[in-house]
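Everything below belongs to entry39.pdb, which stores PDB, C-alpha atoms.
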ATOM      1  CA  MET J   1     111.297  78.411 128.382
ATOM      2  CA  SER J   2     108.160  80.179 127.180
ATOM      3  CA  ALA J   3     106.585  82.953 129.240
ATOM      4  CA  PRO J   4     103.503  82.102 131.346
ATOM      5  CA  ALA J   5     100.207  82.664 129.584
ATOM      6  CA  HIS J   6      99.202  85.295 132.113
ATOM      7  CA  ALA J   7     102.420  87.323 131.801
ATOM      8  CA  VAL J   8     101.900  91.023 130.981
ATOM      9  CA  PRO J   9     104.019  92.225 128.052
ATOM     10  CA  PRO J  10     106.439  95.022 128.890
ATOM     11  CA  VAL J  11     105.274  98.575 128.134
ATOM     12  CA  PRO J  12     107.504 100.348 125.595
ATOM     13  CA  ARG J  13     109.334 103.269 127.150
ATOM     14  CA  LEU J  14     107.939 105.734 124.589
ATOM     15  CA  ALA J  15     104.414 104.763 125.618
ATOM     16  CA  LEU J  16     105.117 106.246 129.044
ATOM     17  CA  VAL J  17     105.570 109.689 127.450
ATOM     18  CA  SER J  18     102.376 111.561 126.599
ATOM     19  CA  PRO J  19     101.668 112.426 122.931
ATOM     20  CA  GLY J  20     101.882 116.131 123.770
ATOM     21  CA  ILE J  21     105.357 115.824 125.271
ATOM     22  CA  ARG J  22     106.525 113.693 122.324
ATOM     23  CA  ALA J  23     105.230 116.313 119.900
ATOM     24  CA  MET J  24     107.036 119.116 121.760
ATOM     25  CA  ALA J  25     110.256 117.084 121.801
ATOM     26  CA  ILE J  26     110.099 116.581 118.029
ATOM     27  CA  GLY J  27     109.266 120.264 117.575
ATOM     28  CA  ALA J  28     112.276 121.176 119.713
ATOM     29  CA  TRP J  29     114.557 119.314 117.310
ATOM     30  CA  TRP J  30     113.204 121.238 114.309
ATOM     31  CA  PHE J  31     113.418 124.557 116.169
ATOM     32  CA  ALA J  32     117.059 123.835 117.016
ATOM     33  CA  LEU J  33     117.827 123.113 113.369
ATOM     34  CA  MET J  34     115.981 126.281 112.347
ATOM     35  CA  GLY J  35     118.082 128.396 114.737
ATOM     36  CA  LEU J  36     121.313 126.996 113.321
ATOM     37  CA  LEU J  37     120.236 127.651 109.723
ATOM     38  CA  VAL J  38     119.155 131.215 110.589
ATOM     39  CA  LYS J  39     122.549 131.856 112.202
ATOM     40  CA  LEU J  40     124.328 130.589 109.068
ATOM     41  CA  ALA J  41     122.127 132.532 106.654
ATOM     42  CA  GLY J  42     122.427 135.659 108.798
ATOM     43  CA  ARG J  43     126.182 135.864 108.341
ATOM     44  CA  ARG J  44     125.441 138.012 105.277
ATOM     45  CA  LEU J  45     121.686 138.321 104.818
ATOM     46  CA  PRO J  46     119.604 140.776 106.922
ATOM     47  CA  SER J  47     117.318 139.130 109.469
ATOM     48  CA  SER J  48     114.265 140.851 107.924
ATOM     49  CA  GLN J  49     115.003 139.143 104.608
ATOM     50  CA  ILE J  50     115.265 135.746 106.289
ATOM     51  CA  VAL J  51     111.901 136.346 107.951
ATOM     52  CA  LEU J  52     110.264 137.301 104.631
ATOM     53  CA  VAL J  53     111.525 134.283 102.690
ATOM     54  CA  ARG J  54     110.663 131.956 105.558
ATOM     55  CA  ALA J  55     107.160 133.452 105.776
ATOM     56  CA  ALA J  56     106.614 133.079 102.024
ATOM     57  CA  LEU J  57     107.668 129.433 102.097
ATOM     58  CA  THR J  58     105.646 128.522 105.166
ATOM     59  CA  LEU J  59     102.591 130.421 103.897
ATOM     60  CA  GLY J  60     102.520 128.228 100.790
ATOM     61  CA  ILE J  61     103.133 125.037 102.764
ATOM     62  CA  SER J  62     100.546 125.982 105.412
ATOM     63  CA  PHE J  63      97.873 126.792 102.837
ATOM     64  CA  TRP J  64      98.438 123.417 101.194
ATOM     65  CA  ALA J  65      98.286 121.682 104.603
ATOM     66  CA  VAL J  66      94.974 123.373 105.493
ATOM     67  CA  ARG J  67      93.483 122.290 102.161
ATOM     68  CA  GLN J  68      94.706 118.744 102.684
ATOM     69  CA  ALA J  69      93.165 118.679 106.170
ATOM     70  CA  ARG J  70      89.751 119.532 104.638
ATOM     71  CA  VAL J  71      88.748 121.750 107.554
ATOM     72  CA  PRO J  72      85.338 123.489 107.200
ATOM     73  CA  SER J  73      87.022 126.918 106.959
ATOM     74  CA  ILE J  74      90.668 127.841 106.507
ATOM     75  CA  TRP J  75      89.959 130.948 108.614
ATOM     76  CA  GLY J  76      88.947 128.942 111.695
ATOM     77  CA  THR J  77      86.254 129.782 114.230
ATOM     78  CA  GLN J  78      88.160 131.835 116.835
ATOM     79  CA  ARG J  79      89.500 134.416 114.408
ATOM     80  CA  ALA J  80      90.368 137.111 116.937
ATOM     81  CA  LEU J  81      92.501 134.642 118.918
ATOM     82  CA  LEU J  82      94.024 133.240 115.734
ATOM     83  CA  LEU J  83      94.991 136.738 114.564
ATOM     84  CA  ALA J  84      96.401 137.535 117.999
ATOM     85  CA  ARG J  85      98.410 134.298 117.952
ATOM     86  CA  GLY J  86      99.659 135.126 114.442
ATOM     87  CA  ALA J  87     100.614 138.707 115.346
ATOM     88  CA  LEU J  88     102.341 137.743 118.599
ATOM     89  CA  GLY J  89     104.171 134.902 116.880
ATOM     90  CA  ALA J  90     105.230 137.198 114.041
ATOM     91  CA  ILE J  91     106.678 139.746 116.458
ATOM     92  CA  GLY J  92     108.363 137.009 118.468
ATOM     93  CA  ILE J  93     110.021 135.353 115.469
ATOM     94  CA  ASN J  94     111.148 138.705 114.020
ATOM     95  CA  CYS J  95     112.765 139.664 117.301
ATOM     96  CA  PHE J  96     114.353 136.218 117.684
ATOM     97  CA  TYR J  97     115.838 136.263 114.180
ATOM     98  CA  TYR J  98     117.085 139.791 114.819
ATOM     99  CA  SER J  99     118.763 138.656 118.032
ATOM    100  CA  LEU J 100     120.342 135.631 116.337
ATOM    101  CA  VAL J 101     121.985 137.962 113.822
ATOM    102  CA  HIS J 102     122.915 140.858 116.154
ATOM    103  CA  LEU J 103     123.724 139.099 119.435
ATOM    104  CA  PRO J 104     126.145 136.295 120.295
ATOM    105  CA  LEU J 105     124.389 132.938 119.965
ATOM    106  CA  GLY J 106     124.564 132.280 123.725
ATOM    107  CA  GLU J 107     122.865 135.541 124.651
ATOM    108  CA  ALA J 108     120.224 135.242 121.911
ATOM    109  CA  THR J 109     119.392 131.669 122.913
ATOM    110  CA  LEU J 110     119.242 132.405 126.636
ATOM    111  CA  ILE J 111     116.913 135.394 126.206
ATOM    112  CA  GLN J 112     114.625 133.559 123.772
ATOM    113  CA  TYR J 113     114.241 130.639 126.161
ATOM    114  CA  THR J 114     112.875 132.819 128.899
ATOM    115  CA  ASN J 115     109.592 132.558 126.912
ATOM    116  CA  PRO J 116     108.302 129.514 128.913
ATOM    117  CA  ILE J 117     108.299 131.734 132.006
ATOM    118  CA  PHE J 118     106.051 134.275 130.303
ATOM    119  CA  ALA J 119     103.917 131.530 128.745
ATOM    120  CA  THR J 120     103.380 129.915 132.147
ATOM    121  CA  ILE J 121     102.435 133.204 133.842
ATOM    122  CA  LEU J 122     100.087 134.263 131.034
ATOM    123  CA  ALA J 123      98.458 130.818 130.784
ATOM    124  CA  ALA J 124      97.807 130.889 134.535
ATOM    125  CA  LEU J 125      96.251 134.373 134.349
ATOM    126  CA  TRP J 126      94.512 134.100 130.973
ATOM    127  CA  VAL J 127      93.587 130.429 130.675
ATOM    128  CA  GLY J 128      93.385 129.625 134.390
ATOM    129  CA  GLU J 129      95.927 126.806 134.231
ATOM    130  CA  ARG J 130      97.176 125.508 137.549
ATOM    131  CA  VAL J 131     100.942 125.407 137.932
ATOM    132  CA  ARG J 132     102.231 122.805 140.384
ATOM    133  CA  THR J 133     105.355 123.154 142.514
ATOM    134  CA  GLY J 134     107.142 120.358 140.665
ATOM    135  CA  GLU J 135     106.544 122.074 137.334
ATOM    136  CA  ILE J 136     107.935 125.351 138.657
ATOM    137  CA  LEU J 137     111.044 123.501 139.864
ATOM    138  CA  CYS J 138     111.451 121.863 136.448
ATOM    139  CA  LEU J 139     111.137 125.241 134.745
ATOM    140  CA  ALA J 140     113.683 126.854 137.083
ATOM    141  CA  THR J 141     116.107 123.947 136.679
ATOM    142  CA  ALA J 142     115.796 124.120 132.902
ATOM    143  CA  MET J 143     116.564 127.851 132.948
ATOM    144  CA  VAL J 144     119.684 127.220 135.047
ATOM    145  CA  GLY J 145     120.692 124.552 132.535
ATOM    146  CA  VAL J 146     120.308 126.984 129.650
ATOM    147  CA  VAL J 147     122.533 129.503 131.463
ATOM    148  CA  PHE J 148     125.317 126.966 131.944
ATOM    149  CA  ILE J 149     125.056 125.581 128.409
ATOM    150  CA  THR J 150     124.982 128.917 126.580
ATOM    151  CA  ARG J 151     127.444 130.591 129.007
ATOM    152  CA  PRO J 152     126.513 134.136 127.960
ATOM    153  CA  ALA J 153     129.441 136.550 128.127
ATOM    154  CA  ALA J 154     127.387 139.057 130.120
ATOM    155  CA  LEU J 155     127.179 136.550 133.010
ATOM    156  CA  PHE J 156     130.391 134.537 132.681
ATOM    157  CA  GLY J 157     132.719 137.293 131.509
ATOM    158  CA  ALA J 158     134.229 135.090 128.799
ATOM    159  CA  ALA J 159     134.378 138.084 126.490
ATOM    160  CA  ALA J 160     133.523 141.738 126.670
ATOM    161  CA  ALA J 161     129.903 142.400 125.800
ATOM    162  CA  THR J 162     130.014 144.586 122.695
ATOM    163  CA  TYR J 163     126.333 144.507 121.756
ATOM    164  CA  ALA J 164     123.827 147.296 122.360
ATOM    165  CA  HIS J 165     121.292 147.184 125.171
ATOM    166  CA  ARG J 166     118.675 147.934 122.510
ATOM    167  CA  ASP J 167     119.399 144.542 120.932
ATOM    168  CA  VAL J 168     118.879 142.851 124.307
ATOM    169  CA  MET J 169     115.559 144.648 124.811
ATOM    170  CA  ILE J 170     114.373 143.609 121.337
ATOM    171  CA  ALA J 171     115.282 140.001 122.116
ATOM    172  CA  LEU J 172     113.469 140.141 125.479
ATOM    173  CA  PHE J 173     110.361 141.668 123.892
ATOM    174  CA  GLY J 174     110.401 138.821 121.368
ATOM    175  CA  ALA J 175     110.532 136.260 124.180
ATOM    176  CA  ILE J 176     107.524 137.895 125.867
ATOM    177  CA  CYS J 177     105.552 137.856 122.600
ATOM    178  CA  SER J 178     106.477 134.210 121.971
ATOM    179  CA  GLY J 179     105.256 133.286 125.452
ATOM    180  CA  ALA J 180     102.012 135.179 124.818
ATOM    181  CA  ALA J 181     101.564 133.365 121.491
ATOM    182  CA  TYR J 182     101.910 130.001 123.255
ATOM    183  CA  ALA J 183      99.340 131.100 125.834
ATOM    184  CA  ALA J 184      96.973 132.050 122.990
ATOM    185  CA  VAL J 185      97.275 128.531 121.566
ATOM    186  CA  ARG J 186      96.400 127.132 124.984
ATOM    187  CA  LYS J 187      93.426 129.515 125.182
ATOM    188  CA  MET J 188      92.072 128.134 121.884
ATOM    189  CA  GLY J 189      92.521 124.564 123.067
ATOM    190  CA  SER J 190      91.845 121.808 120.544
ATOM    191  CA  ALA J 191      88.836 123.570 119.006
ATOM    192  CA  GLU J 192      90.984 124.761 116.086
ATOM    193  CA  HIS J 193      92.752 122.347 113.750
ATOM    194  CA  GLN J 194      96.520 122.559 114.147
ATOM    195  CA  SER J 195      96.993 123.362 110.444
ATOM    196  CA  VAL J 196      94.738 126.426 110.816
ATOM    197  CA  VAL J 197      96.687 127.639 113.861
ATOM    198  CA  VAL J 198      99.983 127.236 112.006
ATOM    199  CA  PHE J 199      98.552 128.938 108.873
ATOM    200  CA  TYR J 200      97.873 132.204 110.706
ATOM    201  CA  LEU J 201     101.538 132.762 111.644
ATOM    202  CA  PRO J 202     102.890 133.247 108.088
ATOM    203  CA  LEU J 203      99.591 134.839 107.052
ATOM    204  CA  VAL J 204     100.332 137.733 109.424
ATOM    205  CA  THR J 205     104.126 137.635 109.169
ATOM    206  CA  PHE J 206     104.415 137.840 105.368
ATOM    207  CA  PRO J 207     102.781 141.248 104.720
ATOM    208  CA  VAL J 208     104.411 142.761 107.808
ATOM    209  CA  ALA J 209     107.887 141.618 106.735
ATOM    210  CA  ILE J 210     107.724 142.962 103.159
ATOM    211  CA  PRO J 211     108.625 146.652 103.758
ATOM    212  CA  PHE J 212     111.489 145.773 106.124
ATOM    213  CA  ALA J 213     112.980 143.152 103.815
ATOM    214  CA  VAL J 214     112.655 145.072 100.538
ATOM    215  CA  SER J 215     114.534 148.100 101.892
ATOM    216  CA  SER J 216     117.634 146.002 102.671
ATOM    217  CA  TRP J 217     117.321 143.180 100.111
ATOM    218  CA  LEU J 218     120.457 141.269  99.102
ATOM    219  CA  MET J 219     120.313 138.629  96.396
ATOM    220  CA  PRO J 220     121.047 135.275  98.070
ATOM    221  CA  THR J 221     123.673 132.966  96.652
ATOM    222  CA  ARG J 222     122.783 129.397  95.710
ATOM    223  CA  GLY J 223     123.999 128.168  99.083
ATOM    224  CA  GLU J 224     122.011 130.844 100.902
ATOM    225  CA  TRP J 225     118.843 129.895  98.998
ATOM    226  CA  LEU J 226     119.325 126.340 100.266
ATOM    227  CA  LEU J 227     119.746 127.648 103.812
ATOM    228  CA  LEU J 228     116.571 129.740 103.472
ATOM    229  CA  LEU J 229     114.677 126.743 102.115
ATOM    230  CA  GLY J 230     115.874 124.745 105.107
ATOM    231  CA  VAL J 231     114.735 127.515 107.468
ATOM    232  CA  GLY J 232     111.250 127.453 105.930
ATOM    233  CA  CYS J 233     110.866 123.667 106.064
ATOM    234  CA  ALA J 234     112.287 123.357 109.597
ATOM    235  CA  THR J 235     110.048 126.172 110.842
ATOM    236  CA  GLN J 236     106.933 124.586 109.360
ATOM    237  CA  LEU J 237     107.621 121.226 110.978
ATOM    238  CA  ALA J 238     108.539 122.865 114.281
ATOM    239  CA  GLN J 239     105.311 124.896 114.336
ATOM    240  CA  VAL J 240     103.147 121.870 113.524
ATOM    241  CA  TYR J 241     104.602 119.748 116.318
ATOM    242  CA  MET J 242     104.688 122.644 118.770
ATOM    243  CA  THR J 243     101.000 123.340 118.135
ATOM    244  CA  LYS J 244     100.176 119.663 118.677
ATOM    245  CA  GLY J 245     102.081 119.710 121.946
ATOM    246  CA  LEU J 246     100.482 122.918 123.214
ATOM    247  CA  GLN J 247      97.002 121.652 122.402
ATOM    248  CA  ALA J 248      97.627 118.467 124.376
ATOM    249  CA  GLU J 249      99.640 119.719 127.364
ATOM    250  CA  SER J 250      99.598 122.625 129.805
ATOM    251  CA  ALA J 251     101.752 125.625 128.883
ATOM    252  CA  VAL J 252     104.371 124.955 131.549
ATOM    253  CA  ARG J 253     104.802 121.255 130.637
ATOM    254  CA  ALA J 254     104.847 121.904 126.897
ATOM    255  CA  THR J 255     107.179 124.911 126.881
ATOM    256  CA  THR J 256     109.555 123.392 129.423
ATOM    257  CA  THR J 257     109.930 120.388 127.108
ATOM    258  CA  GLY J 258     111.024 122.919 124.470
ATOM    259  CA  TYR J 259     114.248 123.377 126.445
ATOM    260  CA  LEU J 260     115.504 120.239 124.699
ATOM    261  CA  GLN J 261     116.493 122.671 121.951
TER     262      GLN J 261
END
Re-express the file's structure as structure tokens.
Amino acid sequence: MSAPAHAVPPVPRLALVSPGIRAMAIGAWWFALMGLLVKLAGRRLPSSQIVLVRAALTLGISFWAVRQARVPSIWGTQRALLLARGALGAIGINCFYYSLVHLPLGEATLIQYTNPIFATILAALWVGERVRTGEILCLATAMVGVVFITRPAALFGAAAATYAHRDVMIALFGAICSGAAYAAVRKMGSAEHQSVVVFYLPLVTFPVAIPFAVSSWLMPTRGEWLLLLGVGCATQLAQVYMTKGLQAESAVRATTTGYLQ
């Protein structure tokens, strides 16, 4: 029997999810892959070297993407905010890579994913975003979920914590800087093209990483070069989708979606 002429076709489930949330979900997948590749590459290579190679790769890809987007200026219009976003992101990613290499994966992941808390607070103070009770509950529930999934030894006592408190503080500082970088993206809004926003991260990271990486450089093996290439590509895709999501959604909704990682 054919459907009545007036019948309304069903709405696809994906259509019920906003474009910003979809973008953050896709970005979360690429960030998760990036973290795994960094952990594998960091078994022998210093974290500073991973940051440098990743920055070099993403700088080239980002420059090409900006040119392809044909934006009026690759330097954007809100240059102070773009530089701040690049600097904060550079510090955050350096600290996160350091923690992935020097801390157990559970601890490093848990500390890094406190960044939505800082992003939400800073976006409320800096951008004036309103945070609803339901969003706070979602954020708190997600944090509890991260604790139970990562099961950090410091909380669950599965193994003696042998890492230095300095490493924990570096990881926490990185999470704060990452949250501030997300708030900066929200502050810019959609006035800047996403390719320009992404371009500023490696633009700042690359020169900063050079002295740290050169002093401890180890020649990567063929397999490690492939891992580093994967880190660069995964990071670029993650940053593009994350920027799309942050431009379309509030900080708390966008960063909480990042817990899918």
Report as a PDB file with C-alpha atoms, in the frame of the given file the residues that result from applying the PyMOL selection byres ((chain J and resi 230) around 10) to the structure here.
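Output file part_29.pdb follows:
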ATOM      1  CA  LEU J  33     117.827 123.113 113.369  1.00  0.00           C
ATOM      2  CA  MET J  34     115.981 126.281 112.347  1.00  0.00           C
ATOM      3  CA  LEU J  37     120.236 127.651 109.723  1.00  0.00           C
ATOM      4  CA  VAL J  38     119.155 131.215 110.589  1.00  0.00           C
ATOM      5  CA  ARG J  54     110.663 131.956 105.558  1.00  0.00           C
ATOM      6  CA  LEU J  57     107.668 129.433 102.097  1.00  0.00           C
ATOM      7  CA  GLU J 224     122.011 130.844 100.902  1.00  0.00           C
ATOM      8  CA  TRP J 225     118.843 129.895  98.998  1.00  0.00           C
ATOM      9  CA  LEU J 226     119.325 126.340 100.266  1.00  0.00           C
ATOM     10  CA  LEU J 227     119.746 127.648 103.812  1.00  0.00           C
ATOM     11  CA  LEU J 228     116.571 129.740 103.472  1.00  0.00           C
ATOM     12  CA  LEU J 229     114.677 126.743 102.115  1.00  0.00           C
ATOM     13  CA  VAL J 231     114.735 127.515 107.468  1.00  0.00           C
ATOM     14  CA  GLY J 232     111.250 127.453 105.930  1.00  0.00           C
ATOM     15  CA  CYS J 233     110.866 123.667 106.064  1.00  0.00           C
ATOM     16  CA  ALA J 234     112.287 123.357 109.597  1.00  0.00           C
ATOM     17  CA  THR J 235     110.048 126.172 110.842  1.00  0.00           C
ATOM     18  CA  GLN J 236     106.933 124.586 109.360  1.00  0.00           C
TER      19      GLN J 236
END
Got a sec: who's within 12 Å of stretch 85-87 of chain J, counting all atoms listed in the file, leaving out chain neighbours fewer than 4 positions off, as a PyMOL selection string?
-> chain J and resi 55+59+78-81+91-94+174+177-188+196-209+239+243
What does the distance between atom CA of J:Tyr97 and atom CA of J:Tyr113 come to in Å, to one decimal place?
-> 13.3 Å
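The interatomic distance for the pair atom CA of J:Thr141 and atom CA of J:Leu110 works out to 13.5 Å.
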Against stretch 134-137 of chain J, which residues of stretch 11-129 of chain J fall within 12 Å? For each one I want the closest pair of atoms and the distance in Å (one decimal), counting all atoms listed in the file, rows by chain and increasing residue number, as JSON lines.
{"residue": "J:Pro116", "atom": "CA", "partner": "J:Ile136", "partner_atom": "CA", "distance": 10.6}
{"residue": "J:Ile117", "atom": "CA", "partner": "J:Ile136", "partner_atom": "CA", "distance": 9.2}
{"residue": "J:Thr120", "atom": "CA", "partner": "J:Ile136", "partner_atom": "CA", "distance": 9.2}
{"residue": "J:Ile121", "atom": "CA", "partner": "J:Ile136", "partner_atom": "CA", "distance": 10.7}
Please, which residues are within 9 Å of (112.2, 121.8, 117.4) by the file's coordinates, counting all atoms listed in the file, and could they come as a list in words?
->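 Final list of nearby residues, as requested, is Met24, Ala25, Ile26, Gly27, Ala28, Trp29, Trp30, Phe31, Ala32, Leu33, Met34, Ala234, Thr235, Leu237, Ala238, Gln239, Tyr241, Met242, Gly258, Leu260 and Gln261 of chain J.
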Pick out the closest residue to J:Lys244 from this set: J:Ala84, J:Ile176, J:Leu103, J:Ala191. Count only C-alpha atoms.
->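 The answer is J:Ala191, which sits nearest to J:Lys244.
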When distances are computed from all atoms listed in the file, which of J:Ala142, J:Val51, J:Ala119, J:Met219 shows the smallest separation from J:Leu246?
->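 Ranking J:Ala142, J:Val51, J:Ala119, J:Met219 by distance to J:Leu246, first place goes to J:Ala119.
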Edge lengths and centre in Å to one decimal, as JSON, is what I'm after for the box along x, y and z that holds all listed atoms of stretch 178-184 of chain J once 4 Å is added on each side.
{"center_x": 101.7, "center_y": 132.6, "center_z": 123.7, "size_x": 17.5, "size_y": 13.2, "size_z": 12.3}
